[in-house]
>>> print(open('protein21.txt').read())   # compact mmCIF, C-alpha atoms and all ligand atoms
# COMPACT_ATOMS: atom_id res chain seq x y z
CA MET A 1381 122.57 -107.75 61.41
CA SER A 1382 125.72 -108.16 59.35
CA THR A 1383 127.33 -111.52 58.76
CA SER A 1384 130.26 -110.75 61.01
CA ASP A 1385 127.91 -109.76 63.88
CA LYS A 1386 126.19 -113.06 63.45
CA ILE A 1387 129.44 -114.97 63.72
CA LYS A 1388 130.23 -113.20 66.97
CA SER A 1389 126.94 -114.04 68.63
CA ASN A 1390 126.74 -117.55 67.27
CA ASP A 1391 128.75 -119.18 70.04
CA ASP A 1392 128.62 -122.90 69.42
CA GLY A 1393 131.68 -123.80 71.49
CA VAL A 1394 134.34 -123.15 68.89
CA CYS A 1395 135.36 -119.70 70.03
CA GLU A 1396 138.77 -119.68 68.38
CA VAL A 1397 137.29 -120.48 65.03
CA ASN A 1398 134.62 -117.83 65.36
CA GLU A 1399 137.21 -115.29 66.35
CA MET A 1400 139.26 -116.26 63.39
CA LEU A 1401 136.37 -115.89 60.95
CA GLN A 1402 135.61 -112.53 62.42
CA ASN A 1403 139.15 -111.32 61.94
CA MET A 1404 139.17 -112.45 58.37
CA ASN A 1405 135.91 -110.72 57.62
CA THR A 1406 136.69 -107.42 59.19
CA ASN A 1407 140.36 -106.97 58.45
CA ASP A 1408 141.98 -108.29 55.32
CA THR A 1409 145.45 -107.31 56.45
CA ASP A 1410 145.31 -109.78 59.37
CA VAL A 1411 147.32 -112.98 59.07
CA VAL A 1412 145.12 -115.57 57.39
CA VAL A 1413 145.11 -119.05 58.90
CA CYS A 1414 143.52 -122.41 58.19
CA ALA A 1415 140.05 -122.39 59.76
CA ASN A 1416 140.56 -125.95 60.96
CA CYS A 1417 144.10 -126.34 62.28
CA GLY A 1418 145.18 -122.72 62.58
CA LYS A 1419 148.30 -123.02 60.43
CA SER A 1420 149.27 -119.76 58.79
CA GLU A 1421 149.74 -119.15 55.08
CA GLU A 1422 153.51 -119.41 55.62
CA GLU A 1423 153.37 -122.70 57.48
CA SER A 1424 150.89 -124.29 55.15
CA HIS A 1425 152.22 -122.76 51.90
CA LYS A 1426 148.94 -122.70 50.05
CA LEU A 1427 145.71 -122.02 51.91
CA LYS A 1428 142.67 -122.44 49.72
CA HIS A 1429 139.28 -120.72 50.01
CA CYS A 1430 136.12 -122.63 50.76
CA ASN A 1431 134.66 -122.34 47.26
CA ALA A 1432 131.07 -122.12 48.44
CA CYS A 1433 131.39 -119.12 50.75
CA MET A 1434 134.89 -117.66 50.04
CA MET A 1435 134.86 -116.79 53.74
CA VAL A 1436 137.41 -119.19 55.20
CA LYS A 1437 140.60 -120.90 54.04
CA TYR A 1438 142.05 -124.36 54.58
CA CYS A 1439 145.44 -126.08 54.14
CA ASN A 1440 143.91 -129.00 52.30
CA ARG A 1441 140.84 -131.12 51.74
CA GLU A 1442 141.33 -133.03 55.02
CA CYS A 1443 141.19 -129.81 57.03
CA GLN A 1444 138.10 -128.72 55.12
CA ILE A 1445 136.30 -132.01 55.80
CA ALA A 1446 137.26 -131.96 59.48
CA HIS A 1447 135.91 -128.44 59.83
CA ARG A 1448 132.71 -129.09 57.90
CA PRO A 1449 130.36 -129.79 60.85
CA GLN A 1450 130.94 -126.44 62.52
CA HIS A 1451 131.27 -124.50 59.29
CA LYS A 1452 128.27 -125.88 57.42
CA LYS A 1453 125.57 -123.54 58.69
CA GLU A 1454 127.49 -120.30 58.25
CA CYS A 1455 128.83 -121.50 54.90
CA ARG A 1456 125.35 -122.16 53.53
CA LYS A 1457 124.10 -118.81 54.71
CA ARG A 1458 126.96 -116.91 53.10
CA ALA A 1459 126.76 -118.98 49.91
CA ALA A 1460 123.07 -118.07 49.62
CA GLU A 1461 123.92 -114.39 50.14
CA LEU A 1462 126.58 -114.53 47.44
CA HIS A 1463 124.15 -116.25 45.11
CA ASP A 1464 121.51 -113.57 45.67
CA ILE A 1465 124.00 -110.80 44.94
CA GLU A 1466 124.57 -112.37 41.51
CA LEU A 1467 120.90 -113.18 40.96
CA PHE A 1468 119.63 -109.67 41.63
CA LYS A 1469 122.36 -107.81 39.74
CA GLU A 1470 121.05 -105.82 36.80
CA PRO A 1471 121.36 -108.18 33.83
CA PRO A 1472 122.45 -107.18 30.31
CA SER A 1473 119.64 -106.06 27.99
CA GLN A 1474 117.86 -108.90 26.24
CA TRP A 1475 118.76 -108.05 22.63
CA GLY A 1476 121.05 -105.04 22.82
CA ASP A 1477 120.68 -102.21 20.25
CA CYS A 1478 119.34 -102.33 16.72
CA PRO A 1479 122.42 -102.36 14.42
CA ILE A 1480 120.75 -99.89 12.04
CA CYS A 1481 119.06 -97.18 14.13
CA PHE A 1482 121.17 -97.85 17.26
CA LEU A 1483 118.14 -97.61 19.54
CA LEU A 1484 117.58 -100.24 22.21
CA LEU A 1485 115.72 -103.22 20.76
CA PRO A 1486 112.31 -103.70 22.39
CA THR A 1487 111.99 -106.74 24.64
CA LEU A 1488 108.65 -107.70 23.13
CA ASN A 1489 109.16 -110.43 20.52
CA THR A 1490 107.30 -108.59 17.78
CA GLY A 1491 109.48 -105.50 18.18
CA SER A 1492 112.35 -107.02 16.23
CA LYS A 1493 113.17 -109.89 13.92
CA TYR A 1494 116.15 -112.10 13.62
CA GLN A 1495 117.69 -112.21 10.13
CA SER A 1496 119.02 -115.61 9.13
CA CYS A 1497 121.14 -114.06 6.37
CA CYS A 1498 123.50 -112.07 8.59
CA GLY A 1499 122.49 -113.21 12.07
CA LYS A 1500 121.45 -109.67 13.10
CA ARG A 1501 118.31 -108.79 15.03
CA ILE A 1502 116.72 -105.72 13.48
CA CYS A 1503 113.98 -103.55 14.95
CA SER A 1504 110.51 -103.49 13.41
CA GLY A 1505 110.96 -99.81 12.53
CA CYS A 1506 114.03 -100.49 10.40
CA ILE A 1507 112.46 -103.57 8.79
CA HIS A 1508 109.35 -101.64 7.86
CA ALA A 1509 111.09 -98.42 6.79
CA PRO A 1510 110.51 -97.68 3.08
CA VAL A 1511 113.44 -98.01 0.68
CA PHE A 1512 113.93 -95.56 -2.21
CA ASP A 1513 115.93 -95.88 -5.43
CA ASN A 1514 118.32 -93.26 -6.87
CA GLN A 1515 115.40 -91.39 -8.40
CA GLY A 1516 113.65 -91.21 -5.06
CA ASN A 1517 110.99 -93.74 -6.00
CA LYS A 1518 109.83 -96.16 -3.37
CA VAL A 1519 110.98 -99.68 -4.24
CA ASP A 1520 109.52 -102.99 -3.26
CA ASN A 1521 111.93 -103.96 -0.51
CA GLN A 1522 112.59 -107.68 -0.49
CA LYS A 1523 116.04 -107.53 1.03
CA CYS A 1524 117.48 -107.67 4.53
CA ALA A 1525 117.64 -104.11 5.81
CA PHE A 1526 121.09 -104.77 7.24
CA CYS A 1527 123.07 -106.88 4.77
CA ARG A 1528 120.89 -106.47 1.66
CA THR A 1529 120.61 -110.19 1.05
CA PRO A 1530 117.31 -110.98 -0.69
CA HIS A 1531 114.83 -112.60 1.70
CA PRO A 1532 114.49 -116.37 1.24
CA TYR A 1533 111.32 -117.49 -0.56
CA THR A 1534 111.23 -121.26 -0.32
CA LYS A 1535 111.55 -123.58 2.65
CA GLU A 1536 114.74 -124.96 1.07
CA GLU A 1537 116.25 -121.48 0.93
CA ILE A 1538 115.44 -120.86 4.58
CA VAL A 1539 116.92 -124.19 5.67
CA GLU A 1540 120.02 -123.50 3.55
CA MET A 1541 120.49 -120.11 5.24
CA GLN A 1542 120.03 -121.58 8.69
CA LYS A 1543 122.58 -124.31 7.96
CA LYS A 1544 125.13 -121.66 7.06
CA ARG A 1545 124.42 -119.78 10.29
CA MET A 1546 124.79 -123.01 12.24
CA GLU A 1547 128.19 -123.61 10.72
CA LYS A 1548 129.14 -120.16 11.96
CA GLU A 1549 128.15 -121.21 15.51
CA ASP A 1550 125.32 -118.69 15.56
CA ALA A 1551 123.67 -119.03 18.98
CA GLU A 1552 120.24 -117.76 17.97
CA THR A 1553 119.98 -120.09 14.95
CA ILE A 1554 121.13 -123.09 16.99
CA TYR A 1555 118.51 -122.19 19.59
CA ASN A 1556 115.77 -121.79 16.96
CA ILE A 1557 116.53 -125.16 15.41
CA GLY A 1558 116.50 -126.72 18.86
CA PHE A 1559 113.04 -125.27 19.28
CA HIS A 1560 111.95 -126.68 15.87
CA TYR A 1561 113.04 -130.13 17.09
CA ARG A 1562 111.06 -129.71 20.30
CA GLU A 1563 107.95 -128.78 18.35
CA GLY A 1564 108.60 -131.16 15.46
CA ARG A 1565 107.98 -128.47 12.86
CA TYR A 1566 109.45 -127.07 9.61
CA GLY A 1567 110.62 -130.51 8.56
CA PHE A 1568 112.44 -131.26 11.81
CA GLU A 1569 111.31 -134.54 13.32
CA GLN A 1570 110.10 -134.18 16.91
CA ASP A 1571 113.07 -135.04 19.15
CA TYR A 1572 113.46 -133.79 22.76
CA THR A 1573 117.00 -135.13 23.12
CA LYS A 1574 118.18 -133.37 19.99
CA ALA A 1575 116.42 -130.20 21.13
CA LEU A 1576 118.19 -130.28 24.49
CA GLU A 1577 121.55 -130.89 22.87
CA LEU A 1578 121.08 -127.78 20.72
CA TYR A 1579 119.81 -125.70 23.67
CA HIS A 1580 122.97 -126.55 25.59
CA ARG A 1581 125.12 -125.58 22.62
CA ALA A 1582 123.24 -122.29 22.16
CA ALA A 1583 123.42 -121.57 25.90
CA GLU A 1584 127.18 -122.02 25.91
CA LEU A 1585 127.34 -119.55 23.03
CA GLY A 1586 125.43 -117.00 25.10
CA GLU A 1587 121.77 -117.43 24.09
CA ALA A 1588 119.85 -116.58 27.28
CA ARG A 1589 116.55 -118.11 26.11
CA ALA A 1590 118.27 -121.47 25.68
CA TYR A 1591 118.81 -121.66 29.46
CA GLY A 1592 115.12 -120.98 29.96
CA SER A 1593 114.19 -123.76 27.54
CA ILE A 1594 116.48 -126.22 29.33
CA GLY A 1595 114.59 -125.23 32.48
CA VAL A 1596 111.30 -125.99 30.75
CA ALA A 1597 112.63 -129.41 29.71
CA TYR A 1598 113.41 -130.25 33.36
CA ASN A 1599 110.08 -128.84 34.43
CA ASN A 1600 108.13 -131.00 31.96
CA GLY A 1601 110.43 -134.01 31.73
CA GLU A 1602 111.15 -133.53 28.04
CA GLY A 1603 114.15 -135.69 27.23
CA VAL A 1604 115.19 -135.69 30.92
CA GLU A 1605 113.74 -136.79 34.25
CA ILE A 1606 111.54 -134.13 35.86
CA ASP A 1607 113.76 -132.17 38.26
CA MET A 1608 112.35 -128.93 39.66
CA LYS A 1609 115.61 -127.97 41.33
CA LYS A 1610 117.42 -128.12 38.01
CA ALA A 1611 114.54 -126.35 36.26
CA TYR A 1612 114.83 -123.46 38.69
CA TYR A 1613 118.61 -123.41 38.35
CA TYR A 1614 118.32 -122.93 34.59
CA TYR A 1615 115.55 -120.32 34.90
CA GLU A 1616 117.90 -118.34 37.11
CA LEU A 1617 120.71 -118.60 34.56
CA ALA A 1618 118.36 -117.37 31.83
CA ALA A 1619 117.23 -114.44 33.96
CA MET A 1620 120.78 -113.49 34.93
CA ARG A 1621 121.70 -113.39 31.25
CA GLY A 1622 118.91 -110.96 30.46
CA ASN A 1623 115.91 -113.10 29.52
CA ALA A 1624 112.93 -111.07 30.72
CA THR A 1625 110.38 -113.90 30.57
CA ALA A 1626 112.49 -116.08 32.84
CA ARG A 1627 112.93 -113.12 35.20
CA HIS A 1628 109.19 -112.52 35.34
CA ASN A 1629 108.54 -116.22 35.98
CA LEU A 1630 111.00 -116.22 38.87
CA GLY A 1631 108.91 -113.39 40.31
CA LEU A 1632 105.79 -115.51 40.00
CA TYR A 1633 107.44 -118.48 41.72
CA GLU A 1634 108.53 -116.29 44.62
CA GLU A 1635 105.09 -114.72 44.86
CA ILE A 1636 103.48 -118.16 45.03
CA ALA A 1637 105.91 -119.12 47.78
CA GLY A 1638 104.87 -115.99 49.69
CA ASN A 1639 108.29 -114.30 49.29
CA PHE A 1640 106.89 -110.95 48.22
CA ASP A 1641 110.12 -109.00 48.65
CA ARG A 1642 111.98 -111.32 46.33
CA ALA A 1643 109.06 -111.38 43.89
CA LEU A 1644 109.09 -107.58 43.78
CA LYS A 1645 112.84 -107.53 43.10
CA HIS A 1646 112.44 -109.89 40.14
CA TYR A 1647 109.47 -107.96 38.73
CA MET A 1648 111.39 -104.69 38.97
CA ILE A 1649 114.29 -106.14 37.00
CA ALA A 1650 111.93 -107.58 34.36
CA LEU A 1651 110.17 -104.24 34.16
CA LYS A 1652 113.42 -102.41 33.59
CA SER A 1653 113.74 -104.41 30.40
CA GLY A 1654 110.18 -103.58 29.47
CA TYR A 1655 108.29 -106.67 30.53
CA ALA A 1656 104.86 -105.08 30.92
CA ASP A 1657 103.24 -108.06 32.70
CA SER A 1658 105.55 -107.41 35.63
CA LEU A 1659 103.96 -103.99 36.07
CA GLU A 1660 100.58 -105.68 36.43
CA GLU A 1661 101.98 -108.04 39.04
CA ILE A 1662 103.46 -105.17 41.05
CA LYS A 1663 100.14 -103.35 40.84
CA GLU A 1664 98.46 -106.43 42.23
CA LEU A 1665 101.01 -106.78 45.03
CA TYR A 1666 100.36 -103.16 45.90
CA SER A 1667 96.58 -103.60 45.90
CA LYS A 1668 96.94 -106.55 48.29
CA GLY A 1669 99.24 -104.59 50.59
CA GLN A 1670 102.24 -106.75 49.72
CA ALA A 1671 104.09 -103.87 48.09
CA THR A 1672 104.10 -100.20 49.05
CA LYS A 1673 102.81 -97.23 47.11
CA ASP A 1674 106.43 -96.16 46.64
CA ASP A 1675 107.18 -99.52 45.05
CA TYR A 1676 104.34 -99.07 42.62
CA THR A 1677 105.30 -95.47 41.79
CA LYS A 1678 108.86 -96.60 41.19
CA ALA A 1679 107.58 -99.40 38.95
CA LEU A 1680 105.55 -96.96 36.86
CA ARG A 1681 108.55 -94.68 36.48
CA THR A 1682 110.79 -97.59 35.55
CA TYR A 1683 108.47 -98.70 32.77
CA GLN A 1684 108.08 -95.12 31.58
CA SER A 1685 111.83 -94.67 31.15
CA TYR A 1686 112.02 -97.96 29.26
CA LEU A 1687 109.38 -96.65 26.84
CA VAL A 1688 111.32 -93.41 26.36
CA GLU A 1689 114.37 -95.47 25.48
CA ILE A 1690 112.72 -97.68 22.85
CA LYS A 1691 110.25 -95.29 21.23
CA SER A 1692 110.82 -93.96 17.74
CA SER A 1693 108.52 -92.58 15.07
CA GLN A 1694 109.79 -95.21 12.65
CA ARG A 1695 108.77 -97.98 15.06
CA ASP A 1696 105.43 -96.27 15.67
CA LYS A 1697 104.75 -96.22 11.93
CA ALA A 1698 105.60 -99.91 11.64
CA ALA A 1699 103.34 -100.78 14.57
CA ALA A 1700 100.48 -98.73 13.11
CA ALA A 1701 100.85 -100.55 9.78
CA HIS A 1702 101.02 -104.12 11.14
CA GLU A 1703 100.06 -105.81 14.38
CA GLU A 1704 103.12 -108.05 13.85
CA TYR A 1705 105.33 -104.97 14.42
CA ARG A 1706 103.84 -104.05 17.80
CA TYR A 1707 106.77 -103.25 20.05
CA TYR A 1708 105.38 -102.41 23.50
ZN ZN B 1 144.65 -126.86 58.21
ZN ZN B 2 132.32 -122.23 53.29
ZN ZN B 3 116.26 -100.11 14.10
ZN ZN B 4 120.89 -109.76 6.70
>>> encode(input="protein21.txt", output="structure tokens")
Amino acid sequence: MSTSDKIKSNDDGVCEVNEMLQNMNTNDTDVVVCANCGKSEEESHKLKHCNACMMVKYCNRECQIAHRPQHKKECRKRAAELHDIELFKEPPSQWGDCPICFLLLPTLNTGSKYQSCCGKRICSGCIHAPVFDNQGNKVDNQKCAFCRTPHPYTKEEIVEMQKKRMEKEDAETIYNIGFHYREGRYGFEQDYTKALELYHRAAELGEARAYGSIGVAYNNGEGVEIDMKKAYYYYELAAMRGNATARHNLGLYEEIAGNFDRALKHYMIALKSGYADSLEEIKELYSKGQATKDDYTKALRTYQSYLVEIKSSQRDKAAAAHEEYRYY
């Protein structure tokens, strides 16, 4: 049943209002009026949308408050629908493309490495690829494959590089240092508050994992009061910005709650970005009769096309040489 059908049948004694909502939903060219007092756009000058549902308009705050009791239920329902549309949209890829070989960067952590010198994330294949000199002799490659800066050797050099990246408002570096504070490692004194502050800064700069880590802080009460609602809110933000782990975890939460359809949707999105664990979960849902054979077939195909996208012989060679370069 569509939302407008629902409004029609949901007769709670405010027929005019319901009629009005229906008109607004089905025909945008109709005259729009305040859902509370019925004043038109012309009479009222500036009708404003209910921000939660975008379904009705009001002259002012007083009209909105007066109308709240009869609008509340429908408003919540529509707001939840709008939220789900955003939540289940295909997110951007987690890392984007490798700036050297232009192939999609694998989602698996070991498939690429962040370079503190230039702030680029480079695929394992390009990091591992041999470098030759003018005479065609293989040289010992101790430089960044992208910007050719020599790799840092000492802890001081690493910290110095990271400081420079921080000054440049580099989201990934800010996030990493936040994580060092959380763990109290690499010379950063353990400090949850400082970690959170940096996560928020990195999140604002677009680092998807930072949202996930803020969620973890609320989940565990690290530097904040435990608040599961907020934890979930931040997990969703991380997932919507392309973080595959957060997406997979949302699937798990929904599965635990018995919402198998929603779980499946999350797993499918995580799988599209190559999160292999999600394939296992879908397989399990299928074996328990909570997903169909079609779902499982689609899942297999989805993962297969991800592999086609990320595979390269250069990456295969790197993975064969070192476990730390495994990329799927
Ligand atoms: Zn009004
Ligand atoms: Zn509303
Ligand atoms: Zn590459
Ligand atoms: Zn570099």
>>> residues_near_ligand(input="protein21.txt", ligand="ligand ZN 2 (chain B)", cutoff="12 Å", atoms="all atoms listed in the file", output="PDB file with C-alpha atoms, in the coordinates of the input")
ATOM      1  CA  LEU A1401     136.370-115.890  60.950  1.00  0.00           C
ATOM      2  CA  ALA A1415     140.050-122.390  59.760  1.00  0.00           C
ATOM      3  CA  ASN A1416     140.560-125.950  60.960  1.00  0.00           C
ATOM      4  CA  LYS A1428     142.670-122.440  49.720  1.00  0.00           C
ATOM      5  CA  HIS A1429     139.280-120.720  50.010  1.00  0.00           C
ATOM      6  CA  CYS A1430     136.120-122.630  50.760  1.00  0.00           C
ATOM      7  CA  ASN A1431     134.660-122.340  47.260  1.00  0.00           C
ATOM      8  CA  ALA A1432     131.070-122.120  48.440  1.00  0.00           C
ATOM      9  CA  CYS A1433     131.390-119.120  50.750  1.00  0.00           C
ATOM     10  CA  MET A1434     134.890-117.660  50.040  1.00  0.00           C
ATOM     11  CA  MET A1435     134.860-116.790  53.740  1.00  0.00           C
ATOM     12  CA  VAL A1436     137.410-119.190  55.200  1.00  0.00           C
ATOM     13  CA  LYS A1437     140.600-120.900  54.040  1.00  0.00           C
ATOM     14  CA  TYR A1438     142.050-124.360  54.580  1.00  0.00           C
ATOM     15  CA  GLN A1444     138.100-128.720  55.120  1.00  0.00           C
ATOM     16  CA  ILE A1445     136.300-132.010  55.800  1.00  0.00           C
ATOM     17  CA  HIS A1447     135.910-128.440  59.830  1.00  0.00           C
ATOM     18  CA  ARG A1448     132.710-129.090  57.900  1.00  0.00           C
ATOM     19  CA  PRO A1449     130.360-129.790  60.850  1.00  0.00           C
ATOM     20  CA  GLN A1450     130.940-126.440  62.520  1.00  0.00           C
ATOM     21  CA  HIS A1451     131.270-124.500  59.290  1.00  0.00           C
ATOM     22  CA  LYS A1452     128.270-125.880  57.420  1.00  0.00           C
ATOM     23  CA  LYS A1453     125.570-123.540  58.690  1.00  0.00           C
ATOM     24  CA  GLU A1454     127.490-120.300  58.250  1.00  0.00           C
ATOM     25  CA  CYS A1455     128.830-121.500  54.900  1.00  0.00           C
ATOM     26  CA  ARG A1456     125.350-122.160  53.530  1.00  0.00           C
ATOM     27  CA  LYS A1457     124.100-118.810  54.710  1.00  0.00           C
ATOM     28  CA  ARG A1458     126.960-116.910  53.100  1.00  0.00           C
ATOM     29  CA  ALA A1459     126.760-118.980  49.910  1.00  0.00           C
ATOM     30  CA  ALA A1460     123.070-118.070  49.620  1.00  0.00           C
ATOM     31  CA  GLU A1461     123.920-114.390  50.140  1.00  0.00           C
ATOM     32  CA  LEU A1462     126.580-114.530  47.440  1.00  0.00           C
TER      33      LEU A1462
END
>>> residues_around(input="protein21.txt", residues="region 1607-1609 of chain A", least_positions_apart="5", cutoff="12 Å", atoms="only C-alpha atoms", output="PyMOL selection string")
chain A and resi 1594-1602+1614-1616+1633
>>> closest_atom_pairs(input="protein21.txt", of="chain A", to="ligand ZN 3 (chain B)", cutoff="6 Å", atoms="all atoms listed in the file", output="CSV")
residue,atom,partner,partner_atom,distance
A:Cys1478,CA,B:ZN3,ZN,4.6
A:Ile1480,CA,B:ZN3,ZN,4.9
A:Cys1481,CA,B:ZN3,ZN,4.1
A:Ile1502,CA,B:ZN3,ZN,5.7
A:Cys1503,CA,B:ZN3,ZN,4.2
A:Gly1505,CA,B:ZN3,ZN,5.5
A:Cys1506,CA,B:ZN3,ZN,4.3
>>> residues_near_ligand(input="protein21.txt", ligand="ligand ZN 4 (chain B)", cutoff="9 Å", atoms="only C-alpha atoms and all ligand atoms", output="list in words")
Tyr1494, Gln1495, Ser1496, Cys1497, Cys1498, Gly1499, Lys1500, Arg1501, Ile1502, Lys1523, Cys1524, Ala1525, Phe1526, Cys1527, Arg1528, Thr1529, Pro1530 and His1531 of chain A
>>> residues_near_point(input="protein21.txt", point="(111.4, -105.6, 21.2)", cutoff="8 Å", atoms="only C-alpha atoms", output="list of chain:residue names")
A:Trp1475, A:Leu1485, A:Pro1486, A:Thr1487, A:Leu1488, A:Asn1489, A:Thr1490, A:Gly1491, A:Ser1492, A:Cys1503, A:Tyr1707, A:Tyr1708
>>> atom_distance(input="protein21.txt", atom1="CA of Tyr1566 (chain A)", atom2="CA of Val1539 (chain A)")
8.9 Å
>>> atom_distance(input="protein21.txt", atom1="CA of Lys1668 (chain A)", atom2="CA of Gly1622 (chain A)")
28.6 Å
>>> residues_near_ligand(input="protein21.txt", ligand="ligand ZN 1 (chain B)", cutoff="9 Å", atoms="all atoms listed in the file", output="MDAnalysis selection string")
chainID A and resid 1413:1420 1424 1427 1437:1444
>>> atom_distance(input="protein21.txt", atom1="CA of Leu1576 (chain A)", atom2="CA of Glu1536 (chain A)")
24.3 Å
>>> residues_around(input="protein21.txt", residues="Arg1589 (chain A)", least_positions_apart="3", cutoff="10 Å", atoms="only C-alpha atoms", output="CSV table (one decimal) with C-alpha atoms, keeping the file's coordinate frame")
chain,number,residue,atom,x,y,z
A,1474,GLN,CA,117.9,-108.9,26.2
A,1552,GLU,CA,120.2,-117.8,18.0
A,1555,TYR,CA,118.5,-122.2,19.6
A,1556,ASN,CA,115.8,-121.8,17.0
A,1579,TYR,CA,119.8,-125.7,23.7
A,1582,ALA,CA,123.2,-122.3,22.2
A,1583,ALA,CA,123.4,-121.6,25.9
A,1586,GLY,CA,125.4,-117.0,25.1
A,1592,GLY,CA,115.1,-121.0,30.0
A,1593,SER,CA,114.2,-123.8,27.5
A,1594,ILE,CA,116.5,-126.2,29.3
A,1595,GLY,CA,114.6,-125.2,32.5
A,1614,TYR,CA,118.3,-122.9,34.6
A,1615,TYR,CA,115.6,-120.3,34.9
A,1617,LEU,CA,120.7,-118.6,34.6
A,1618,ALA,CA,118.4,-117.4,31.8
A,1619,ALA,CA,117.2,-114.4,34.0
A,1621,ARG,CA,121.7,-113.4,31.2
A,1622,GLY,CA,118.9,-111.0,30.5
A,1623,ASN,CA,115.9,-113.1,29.5
A,1624,ALA,CA,112.9,-111.1,30.7
A,1625,THR,CA,110.4,-113.9,30.6
A,1626,ALA,CA,112.5,-116.1,32.8
>>> residues_around(input="protein21.txt", residues="Asp1641 (chain A)", least_positions_apart="6", cutoff="9 Å", atoms="all atoms listed in the file", output="list in words")
Glu1634, Glu1635, Gln1670 and Ala1671 of chain A
>>> write_last_selection(input="protein21.txt", atoms="C-alpha atoms", output="PDB file, in the frame of the given file")
ATOM      1  CA  GLU A1634     108.530-116.290  44.620  1.00  0.00           C
ATOM      2  CA  GLU A1635     105.090-114.720  44.860  1.00  0.00           C
ATOM      3  CA  GLN A1670     102.240-106.750  49.720  1.00  0.00           C
ATOM      4  CA  ALA A1671     104.090-103.870  48.090  1.00  0.00           C
TER       5      ALA A1671
END
>>> build_atoms(input="protein21.txt", residues="region 1558-1573 of chain A", atoms="N, CA and C atoms", output="PDB file, in the coordinates of the input")
ATOM      1  N   GLY A1558     116.838-125.909  17.686  1.00  0.00           N
ATOM      2  CA  GLY A1558     116.500-126.720  18.860  1.00  0.00           C
ATOM      3  C   GLY A1558     115.009-126.662  19.130  1.00  0.00           C
ATOM      4  N   PHE A1559     114.472-125.455  19.033  1.00  0.00           N
ATOM      5  CA  PHE A1559     113.040-125.270  19.280  1.00  0.00           C
ATOM      6  C   PHE A1559     112.201-125.970  18.207  1.00  0.00           C
ATOM      7  N   HIS A1560     112.664-125.960  16.938  1.00  0.00           N
ATOM      8  CA  HIS A1560     111.950-126.680  15.870  1.00  0.00           C
ATOM      9  C   HIS A1560     111.897-128.179  16.192  1.00  0.00           C
ATOM     10  N   TYR A1561     113.017-128.715  16.722  1.00  0.00           N
ATOM     11  CA  TYR A1561     113.040-130.130  17.090  1.00  0.00           C
ATOM     12  C   TYR A1561     112.055-130.415  18.221  1.00  0.00           C
ATOM     13  N   ARG A1562     111.987-129.510  19.180  1.00  0.00           N
ATOM     14  CA  ARG A1562     111.060-129.710  20.300  1.00  0.00           C
ATOM     15  C   ARG A1562     109.623-129.790  19.796  1.00  0.00           C
ATOM     16  N   GLU A1563     109.315-128.863  18.861  1.00  0.00           N
ATOM     17  CA  GLU A1563     107.950-128.780  18.350  1.00  0.00           C
ATOM     18  C   GLU A1563     107.677-129.766  17.219  1.00  0.00           C
ATOM     19  N   GLY A1564     108.753-130.285  16.621  1.00  0.00           N
ATOM     20  CA  GLY A1564     108.600-131.160  15.460  1.00  0.00           C
ATOM     21  C   GLY A1564     107.976-130.411  14.295  1.00  0.00           C
ATOM     22  N   ARG A1565     108.562-129.282  13.933  1.00  0.00           N
ATOM     23  CA  ARG A1565     107.980-128.470  12.860  1.00  0.00           C
ATOM     24  C   ARG A1565     109.040-128.090  11.824  1.00  0.00           C
ATOM     25  N   TYR A1566     108.580-127.500  10.717  1.00  0.00           N
ATOM     26  CA  TYR A1566     109.450-127.070   9.610  1.00  0.00           C
ATOM     27  C   TYR A1566     110.355-128.194   9.119  1.00  0.00           C
ATOM     28  N   GLY A1567     109.831-129.393   9.098  1.00  0.00           N
ATOM     29  CA  GLY A1567     110.620-130.510   8.560  1.00  0.00           C
ATOM     30  C   GLY A1567     111.591-131.123   9.556  1.00  0.00           C
ATOM     31  N   PHE A1568     111.590-130.638  10.804  1.00  0.00           N
ATOM     32  CA  PHE A1568     112.440-131.260  11.810  1.00  0.00           C
ATOM     33  C   PHE A1568     111.605-132.264  12.601  1.00  0.00           C
ATOM     34  N   GLU A1569     112.081-133.501  12.628  1.00  0.00           N
ATOM     35  CA  GLU A1569     111.310-134.540  13.320  1.00  0.00           C
ATOM     36  C   GLU A1569     111.352-134.312  14.831  1.00  0.00           C
ATOM     37  N   GLN A1570     110.201-134.431  15.469  1.00  0.00           N
ATOM     38  CA  GLN A1570     110.100-134.180  16.910  1.00  0.00           C
ATOM     39  C   GLN A1570     111.132-135.016  17.683  1.00  0.00           C
ATOM     40  N   ASP A1571     111.998-134.353  18.450  1.00  0.00           N
ATOM     41  CA  ASP A1571     113.070-135.040  19.150  1.00  0.00           C
ATOM     42  C   ASP A1571     113.546-134.191  20.347  1.00  0.00           C
ATOM     43  N   TYR A1572     113.105-134.561  21.562  1.00  0.00           N
ATOM     44  CA  TYR A1572     113.460-133.790  22.760  1.00  0.00           C
ATOM     45  C   TYR A1572     114.961-133.821  23.053  1.00  0.00           C
ATOM     46  N   THR A1573     115.574-134.993  22.819  1.00  0.00           N
ATOM     47  CA  THR A1573     117.000-135.130  23.120  1.00  0.00           C
ATOM     48  C   THR A1573     117.830-134.217  22.229  1.00  0.00           C
TER      49      THR A1573
END
